[in-house]
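With compact mmCIF, C-alpha atoms inside, this is coords_1.txt:
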# COMPACT_ATOMS: atom_id res chain seq x y z
CA MET A 1 11.26 -10.46 15.77
CA SER A 2 8.73 -13.20 16.48
CA ILE A 3 7.10 -15.92 14.43
CA SER A 4 3.78 -17.24 15.64
CA LYS A 5 1.06 -19.53 14.43
CA ALA A 6 -2.20 -17.61 14.53
CA ALA A 7 -4.85 -18.83 16.93
CA SER A 8 -7.63 -21.07 15.63
CA SER A 9 -10.84 -19.54 14.31
CA ASN A 10 -14.35 -20.70 13.58
CA VAL A 11 -13.88 -20.99 9.80
CA ALA A 12 -13.94 -24.36 8.09
CA SER A 13 -11.16 -26.84 8.96
CA PRO A 14 -9.35 -24.63 11.48
CA LYS A 15 -6.64 -27.23 12.01
CA SER A 16 -5.79 -27.33 8.34
CA ILE A 17 -5.76 -23.52 8.23
CA GLU A 18 -3.54 -23.49 11.28
CA GLU A 19 -1.02 -25.71 9.54
CA ARG A 20 -0.92 -23.48 6.47
CA LEU A 21 -0.73 -20.08 8.19
CA GLN A 22 2.35 -18.40 9.58
CA ILE A 23 2.49 -14.78 10.74
CA GLN A 24 5.92 -13.28 11.20
CA ARG A 25 6.18 -10.00 13.10
CA LEU A 26 9.29 -8.16 12.03
CA VAL A 27 9.20 -5.95 15.14
CA PRO A 28 7.47 -6.34 18.53
CA GLU A 29 3.71 -6.75 18.18
CA THR A 30 2.95 -3.48 19.97
CA GLU A 31 5.18 -1.53 17.58
CA VAL A 32 4.43 -2.96 14.13
CA VAL A 33 3.70 0.49 12.74
CA THR A 34 5.87 2.66 14.93
CA TYR A 35 9.03 0.60 14.98
CA ASN A 36 11.13 3.75 15.16
CA ALA A 37 9.35 4.91 18.37
CA GLY A 38 7.94 8.05 16.75
CA THR A 39 11.17 9.77 15.76
CA ASP A 40 9.72 10.36 12.30
CA VAL A 41 6.67 12.03 13.88
CA ILE A 42 8.88 14.39 15.86
CA ARG A 43 10.93 15.21 12.78
CA GLY A 44 7.87 15.77 10.60
CA LEU A 45 5.88 17.91 13.02
CA THR A 46 8.80 20.15 14.01
CA GLN A 47 9.62 21.16 10.43
CA THR A 48 8.56 24.56 9.13
CA SER A 49 6.28 22.77 6.64
CA LYS A 50 4.79 20.00 8.75
CA THR A 51 4.55 16.44 7.38
CA LEU A 52 3.64 12.94 8.55
CA PRO A 53 4.77 9.64 7.00
CA THR A 54 2.09 7.74 5.09
CA HIS A 55 2.57 4.52 7.08
CA TYR A 56 0.67 6.18 9.96
CA PHE A 57 -2.48 5.89 7.83
CA TYR A 58 -2.52 2.16 8.30
CA ASP A 59 -3.51 1.12 11.74
CA ASP A 60 -6.40 -1.36 11.71
CA ARG A 61 -9.01 1.43 11.47
CA GLY A 62 -7.11 3.13 8.67
CA SER A 63 -6.90 -0.12 6.74
CA GLU A 64 -10.66 -0.58 7.10
CA LEU A 65 -11.30 2.95 5.83
CA PHE A 66 -9.03 2.42 2.85
CA GLU A 67 -11.00 -0.70 1.91
CA GLN A 68 -14.13 1.50 1.95
CA ILE A 69 -12.41 4.07 -0.26
CA CYS A 70 -11.74 1.36 -2.84
CA GLU A 71 -15.52 0.82 -3.17
CA LEU A 72 -16.42 4.48 -3.68
CA PRO A 73 -17.95 5.51 -7.03
CA GLU A 74 -15.38 8.31 -7.43
CA TYR A 75 -12.41 6.02 -6.79
CA TYR A 76 -11.90 4.60 -10.28
CA LEU A 77 -8.45 3.13 -9.49
CA THR A 78 -9.54 -0.14 -7.90
CA ARG A 79 -12.24 -0.92 -10.45
CA THR A 80 -9.97 -0.15 -13.37
CA GLU A 81 -7.01 -2.16 -12.11
CA THR A 82 -9.31 -5.05 -11.21
CA SER A 83 -10.70 -5.17 -14.74
CA ILE A 84 -7.15 -5.32 -16.17
CA LEU A 85 -6.22 -8.14 -13.77
CA GLN A 86 -9.35 -10.09 -14.64
CA GLN A 87 -8.46 -9.89 -18.30
CA TYR A 88 -4.76 -10.71 -18.05
CA ALA A 89 -4.15 -12.75 -14.86
CA GLY A 90 -4.13 -15.99 -16.84
CA GLU A 91 -1.44 -14.60 -19.13
CA ILE A 92 0.60 -13.50 -16.11
CA ALA A 93 0.41 -17.00 -14.62
CA ARG A 94 1.42 -18.64 -17.88
CA ILE A 95 4.43 -16.33 -18.28
CA THR A 96 5.74 -16.79 -14.73
CA GLY A 97 4.94 -20.48 -14.24
CA PRO A 98 4.71 -21.83 -10.66
CA CYS A 99 5.56 -18.82 -8.56
CA GLU A 100 5.55 -17.63 -4.96
CA LEU A 101 3.39 -14.50 -4.77
CA VAL A 102 4.71 -11.72 -2.52
CA GLU A 103 2.39 -8.73 -2.17
CA LEU A 104 3.38 -5.38 -0.67
CA GLY A 105 0.58 -3.56 1.13
CA SER A 106 -1.75 -6.53 0.77
CA GLY A 107 -4.67 -5.10 2.77
CA SER A 108 -7.72 -7.32 2.35
CA SER A 109 -6.08 -9.17 -0.58
CA THR A 110 -9.23 -8.74 -2.71
CA LYS A 111 -7.43 -8.32 -6.06
CA THR A 112 -4.98 -11.03 -5.05
CA ARG A 113 -7.74 -13.60 -5.51
CA ILE A 114 -7.77 -12.90 -9.24
CA ILE A 115 -4.08 -13.86 -9.45
CA LEU A 116 -4.48 -16.87 -7.15
CA ASP A 117 -7.40 -18.09 -9.27
CA ALA A 118 -5.18 -17.95 -12.36
CA TYR A 119 -2.43 -20.03 -10.71
CA GLN A 120 -4.99 -22.47 -9.31
CA GLN A 121 -6.62 -22.99 -12.70
CA LEU A 122 -3.23 -24.03 -14.09
CA GLY A 123 -2.77 -26.48 -11.22
CA TYR A 124 0.24 -24.68 -9.76
CA PRO A 125 1.20 -24.92 -6.08
CA MET A 126 0.36 -21.69 -4.27
CA LEU A 127 2.41 -19.85 -1.66
CA TYR A 128 1.34 -16.34 -0.73
CA VAL A 129 3.49 -13.87 1.24
CA PRO A 130 1.35 -10.82 2.14
CA ILE A 131 3.16 -7.81 3.66
CA ASP A 132 1.35 -5.10 5.58
CA VAL A 133 1.94 -2.87 8.60
CA SER A 134 -1.49 -3.85 9.97
CA ALA A 135 -1.14 -7.26 11.62
CA GLY A 136 -4.90 -7.34 12.21
CA ILE A 137 -5.89 -7.10 8.57
CA LEU A 138 -3.08 -9.51 7.62
CA GLU A 139 -4.51 -12.23 9.83
CA SER A 140 -8.17 -11.71 8.96
CA SER A 141 -7.55 -11.65 5.19
CA ALA A 142 -5.14 -14.60 5.35
CA ARG A 143 -7.66 -16.73 7.23
CA GLN A 144 -10.37 -16.04 4.68
CA LEU A 145 -8.02 -16.88 1.80
CA LEU A 146 -6.97 -20.15 3.46
CA ALA A 147 -10.60 -21.10 3.96
CA ASP A 148 -11.32 -20.46 0.27
CA TYR A 149 -8.14 -21.98 -1.20
CA PRO A 150 -7.49 -25.41 0.40
CA SER A 151 -4.06 -25.85 -1.22
CA LEU A 152 -2.78 -22.35 -0.37
CA LYS A 153 0.00 -21.67 2.14
CA VAL A 154 0.39 -18.18 3.66
CA HIS A 155 3.50 -16.74 5.31
CA ALA A 156 2.44 -13.22 6.33
CA LEU A 157 4.97 -10.53 7.24
CA ALA A 158 3.83 -7.71 9.56
CA GLY A 159 6.06 -4.69 9.09
CA THR A 160 7.17 -2.02 6.68
CA TYR A 161 8.14 -2.75 3.07
CA GLU A 162 11.78 -2.00 3.76
CA LEU A 163 11.97 -4.43 6.68
CA ALA A 164 10.01 -7.14 4.87
CA LEU A 165 11.97 -7.01 1.60
CA ALA A 166 15.18 -7.45 3.58
CA LYS A 167 13.75 -10.50 5.40
CA ILE A 168 12.29 -12.46 2.47
CA LEU A 169 13.75 -15.96 2.35
CA PRO A 170 14.55 -17.88 -0.85
CA SER A 171 11.35 -19.12 -2.45
CA GLU A 172 10.13 -22.69 -1.95
CA LEU A 173 8.72 -22.58 -5.48
CA PRO A 174 10.62 -22.40 -8.78
CA SER A 175 10.20 -18.62 -9.03
CA ARG A 176 8.82 -15.56 -7.28
CA ILE A 177 6.69 -12.59 -8.23
CA ILE A 178 6.53 -9.44 -6.08
CA GLY A 179 3.27 -7.58 -6.58
CA PHE A 180 2.93 -3.87 -5.89
CA ILE A 181 -0.50 -3.05 -7.20
CA GLY A 182 -3.01 -0.32 -6.38
CA SER A 183 -0.74 2.51 -7.60
CA THR A 184 0.92 2.76 -4.19
CA LEU A 185 4.16 3.59 -6.00
CA GLY A 186 2.62 7.01 -6.53
CA ASN A 187 2.94 7.75 -2.80
CA LEU A 188 6.72 7.90 -3.15
CA LYS A 189 8.66 10.97 -4.21
CA PRO A 190 10.97 10.45 -7.22
CA GLN A 191 14.08 9.80 -5.12
CA GLU A 192 12.15 7.50 -2.77
CA CYS A 193 10.78 5.69 -5.81
CA GLU A 194 14.28 5.08 -7.11
CA ILE A 195 15.40 3.67 -3.75
CA PHE A 196 12.30 1.47 -3.49
CA LEU A 197 12.77 -0.01 -6.95
CA SER A 198 16.38 -0.84 -6.09
CA GLN A 199 15.08 -2.69 -3.01
CA ILE A 200 12.74 -4.67 -5.24
CA THR A 201 15.61 -5.54 -7.58
CA ASN A 202 17.74 -6.69 -4.64
CA ALA A 203 14.91 -8.85 -3.27
CA LEU A 204 14.56 -10.75 -6.56
CA GLU A 205 16.82 -13.33 -8.12
CA VAL A 206 17.67 -12.99 -11.80
CA GLY A 207 14.67 -14.19 -13.82
CA GLU A 208 12.09 -13.50 -11.10
CA TYR A 209 9.20 -11.09 -11.59
CA PHE A 210 7.76 -7.76 -10.45
CA LEU A 211 4.10 -6.88 -11.08
CA LEU A 212 3.44 -3.13 -10.82
CA GLY A 213 0.15 -1.22 -10.97
CA ILE A 214 0.33 2.52 -11.69
CA ASP A 215 -2.21 5.29 -12.12
CA LEU A 216 -1.66 7.23 -15.33
CA GLN A 217 -1.92 10.96 -15.99
CA LYS A 218 -5.45 12.18 -16.76
CA PRO A 219 -7.66 15.30 -16.44
CA LYS A 220 -8.05 17.08 -13.11
CA HIS A 221 -11.86 16.68 -13.06
CA ILE A 222 -11.43 12.90 -12.92
CA LEU A 223 -8.59 12.85 -10.42
CA GLU A 224 -9.70 15.25 -7.69
CA PRO A 225 -13.04 13.59 -6.74
CA ALA A 226 -11.20 10.28 -6.29
CA TYR A 227 -9.30 11.86 -3.38
CA ASP A 228 -12.11 13.96 -1.90
CA ASP A 229 -15.28 11.89 -2.21
CA SER A 230 -18.81 13.11 -1.58
CA GLN A 231 -19.35 10.71 1.36
CA GLY A 232 -16.33 11.96 3.28
CA VAL A 233 -14.62 8.57 3.57
CA THR A 234 -11.30 9.90 2.26
CA ALA A 235 -11.50 12.75 4.76
CA ALA A 236 -12.09 10.25 7.58
CA PHE A 237 -9.12 8.22 6.37
CA ASN A 238 -6.85 11.27 6.43
CA LEU A 239 -8.11 12.45 9.83
CA ASN A 240 -7.70 8.96 11.30
CA MET A 241 -3.95 9.52 11.09
CA LEU A 242 -4.35 11.99 13.95
CA GLU A 243 -6.43 9.50 15.95
CA HIS A 244 -3.72 6.95 15.34
CA LEU A 245 -1.11 9.33 16.75
CA ASN A 246 -3.37 9.95 19.76
CA ARG A 247 -3.55 6.23 20.48
CA ARG A 248 0.10 5.48 19.86
CA PHE A 249 1.67 8.49 21.54
CA ALA A 250 -0.83 9.66 24.17
CA GLY A 251 -1.87 12.61 22.05
CA ASN A 252 -4.74 15.08 22.25
CA PHE A 253 -5.38 15.97 18.60
CA ASP A 254 -9.00 17.14 18.26
CA THR A 255 -9.95 15.93 14.78
CA THR A 256 -12.94 18.28 14.68
CA GLN A 257 -10.41 21.14 14.59
CA PHE A 258 -8.72 19.88 11.42
CA GLU A 259 -10.03 19.36 7.89
CA HIS A 260 -9.05 17.23 4.92
CA TRP A 261 -7.71 19.18 1.93
CA SER A 262 -6.51 17.71 -1.36
CA PHE A 263 -5.93 18.95 -4.90
CA TYR A 264 -4.21 17.97 -8.14
CA ASN A 265 -0.88 19.70 -8.76
CA GLU A 266 -0.85 19.78 -12.57
CA THR A 267 2.79 20.87 -12.75
CA GLU A 268 4.08 17.94 -10.69
CA HIS A 269 1.38 15.52 -11.93
CA GLN A 270 0.39 14.53 -8.40
CA ILE A 271 -2.49 14.68 -5.97
CA GLU A 272 -1.43 16.38 -2.74
CA SER A 273 -3.29 15.73 0.53
CA TYR A 274 -3.10 17.76 3.72
CA LEU A 275 -4.70 18.16 7.13
CA ARG A 276 -5.47 21.84 7.72
CA SER A 277 -5.88 23.43 11.15
CA LEU A 278 -9.19 25.23 11.61
CA ARG A 279 -7.86 27.46 14.41
CA SER A 280 -4.73 28.41 16.28
CA GLN A 281 -4.06 25.53 18.67
CA SER A 282 -1.46 23.49 20.53
CA VAL A 283 -1.33 19.70 20.54
CA GLU A 284 0.59 17.43 22.87
CA LEU A 285 2.00 13.97 22.18
CA ARG A 286 2.96 13.10 25.73
CA ALA A 287 4.71 9.82 24.94
CA LEU A 288 7.06 11.76 22.67
CA ASN A 289 7.42 14.72 25.04
CA LEU A 290 6.30 16.89 22.13
CA THR A 291 4.13 20.00 21.93
CA VAL A 292 3.15 21.20 18.46
CA ASN A 293 1.71 24.64 17.75
CA PHE A 294 -0.57 25.27 14.77
CA ALA A 295 -1.60 28.58 13.29
CA LEU A 296 -5.02 29.04 11.72
CA GLY A 297 -4.88 27.43 8.27
CA GLU A 298 -1.53 25.72 8.86
CA THR A 299 -1.22 22.31 7.22
CA ILE A 300 0.28 18.88 7.73
CA HIS A 301 1.27 17.28 4.44
CA THR A 302 0.15 13.64 4.65
CA GLU A 303 0.34 12.17 1.15
CA ILE A 304 1.16 12.58 -2.50
CA SER A 305 -0.23 10.37 -5.25
CA ARG A 306 1.85 10.75 -8.38
CA LYS A 307 0.36 10.03 -11.79
CA PHE A 308 2.72 8.39 -14.25
CA ASP A 309 3.70 8.61 -17.88
CA LEU A 310 3.82 5.03 -19.15
CA LYS A 311 6.87 5.50 -21.36
CA ILE A 312 8.92 7.23 -18.66
CA ILE A 313 8.21 4.62 -15.96
CA GLN A 314 9.18 1.81 -18.35
CA GLU A 315 12.51 3.52 -18.99
CA GLN A 316 13.07 3.92 -15.25
CA LEU A 317 12.27 0.27 -14.54
CA THR A 318 14.55 -0.94 -17.31
CA ALA A 319 17.42 1.24 -16.05
CA GLY A 320 17.03 -0.41 -12.64
CA GLY A 321 17.21 -3.94 -14.01
CA LEU A 322 13.44 -4.60 -14.00
CA VAL A 323 12.65 -5.03 -17.68
CA PRO A 324 8.93 -4.77 -18.63
CA LEU A 325 7.83 -7.92 -20.47
CA ASN A 326 4.20 -6.90 -20.91
CA VAL A 327 2.27 -3.68 -20.36
CA TRP A 328 -1.52 -3.71 -20.14
CA THR A 329 -3.95 -0.80 -19.86
CA ASP A 330 -7.72 -0.26 -19.84
CA PRO A 331 -9.63 1.16 -22.84
CA ASN A 332 -9.47 4.69 -21.35
CA GLN A 333 -5.71 4.45 -20.74
CA TRP A 334 -6.35 5.45 -17.12
CA PHE A 335 -4.28 2.74 -15.45
CA GLY A 336 -1.26 0.60 -16.29
CA LEU A 337 -0.24 -2.89 -15.20
CA LEU A 338 3.36 -3.89 -15.92
CA LEU A 339 4.90 -7.34 -15.62
CA CYS A 340 8.68 -6.95 -15.28
CA GLN A 341 11.51 -9.44 -14.99
CA ARG A 342 14.73 -9.02 -13.03
CA GLN A 343 17.66 -9.03 -15.40
CA GLY A 344 21.27 -9.83 -14.49
Transcribe the structure of this file into structure tokens.
Amino acid sequence: MSISKAASSNVASPKSIEERLQIQRLVPETEVVTYNAGTDVIRGLTQTSKTLPTHYFYDDRGSELFEQICELPEYYLTRTETSILQQYAGEIARITGPCELVELGSGSSTKTRIILDAYQQLGYPMLYVPIDVSAGILESSARQLLADYPSLKVHALAGTYELALAKILPSELPSRIIGFIGSTLGNLKPQECEIFLSQITNALEVGEYFLLGIDLQKPKHILEPAYDDSQGVTAAFNLNMLEHLNRRFAGNFDTTQFEHWSFYNETEHQIESYLRSLRSQSVELRALNLTVNFALGETIHTEISRKFDLKIIQEQLTAGGLVPLNVWTDPNQWFGLLLCQRQG
């Protein structure tokens, strides 16, 4: 583990930014994403039904592509959640009072500004703890926030959610709110979701808060284009996982010989995304001493995106000690934002 002050930049008042920025790497800098040295890649690619963990999406290039996805016309999720935050961020700030903001999967922290604005308008001190596997996007987004919010302090954590939640220190402010917005909860299978929510509960003190954004169930014709856009950005994002493996593990995946494939599973209420081999081929990951054979049409399962029933998720949260205080949705009932409080 290392803690370092980020180097100065050419933004306004670099010294003052330097004093307010801390980046903590939870694993060695060269292994922020692949802290387990690729054992999960070996396990996933040697199964009968091949899989890859979603955290391999998010090298710096993957994070950039995801930010582009959020701007696509088909990708309603970001716009819808943003509109809910814009309407209710002030209410969230008033309920929580002065509060350290921890955000899981912070990315560019665009929606975070809405919450920070609400705390700033009430004159509260602001401490932001962004968590992301991409150290590059953590630093760039933190620097921009510090330039725009002169009273803000940032303590960024580069690593996985599991590592970061276990390393969070007691808050300097009277309370804490952990934000998990963007419907990322939908990437977890039901059992993984249960484990994750228990980690959230354990990271909070009694009385502290959890802000959760979830995508709600809706018709297939709305969902599928959001995960297979006309410009091909989602396809590039999915295929970049293979480029990431090439860079990290001395691989020779030819991304022109794979295609992005996604669809809505109406029985399971989830989008499923795959990479599908366009021919019979063998791929080597030399750093892992691994050769993987693919048949024509064989797939690698890369992601699910579950769509939630609002009543059921509230019951699940309550059972885990995270009691919903307020639930907000958009006029179409496409997306839900839940403010929960840790109970004893």
Given all atoms listed in the file as the basis, pick out the residue of A:Leu77, A:Ala295, A:Ile300, A:Ile115 nearest to Asp330 (chain A).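 Among A:Leu77, A:Ala295, A:Ile300, A:Ile115, it is A:Leu77 that comes nearest to Asp330 (chain A).
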With all atoms listed in the file as the basis for distance, which of A:Ile137, A:Met126, A:Leu26, A:Ile69 is at the shortest distance from Tyr161 (chain A)?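 Among the listed residues, the smallest separation from Tyr161 (chain A) belongs to A:Leu26.
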What is the distance between CA of Ile178 (chain A) and CA of Ala319 (chain A), in Å to one decimal?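 Between CA of Ile178 (chain A) and CA of Ala319 (chain A) the gap works out to 18.2 Å.
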Among the residues A:Ser141, A:Gln316, A:Thr51, A:Thr96, the one that comes closest to Leu211 (chain A) [using only C-alpha atoms]: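 Answer, going by the shortest atom-to-atom distance: A:Thr96.
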Please report as a tab-separated table every residue of region 149-222 of chain A lying within 12 Å of region 266-269 of chain A, along with the nearest atom pair and their distance in Å (one decimal), using all atoms listed in the file.
residue	atom	partner	partner_atom	distance
A:Gly186	CA	A:His269	CA	10.2
A:Lys189	CA	A:Glu268	CA	10.6
A:Pro190	CA	A:Glu268	CA	10.8
A:Asp215	CA	A:His269	CA	10.8
A:Leu216	CA	A:His269	CA	9.5
A:Gln217	CA	A:His269	CA	6.9
A:Lys218	CA	A:His269	CA	9.0
A:Pro219	CA	A:Glu266	CA	9.0
A:Lys220	CA	A:Glu266	CA	7.7
A:His221	CA	A:Glu266	CA	11.4
Can you work out which one of A:Ser106, A:Ser151, A:Gln281, A:Thr302 has the shortest atom-to-atom distance to Glu19 (chain A), counting all atoms listed in the file? A:Ser151
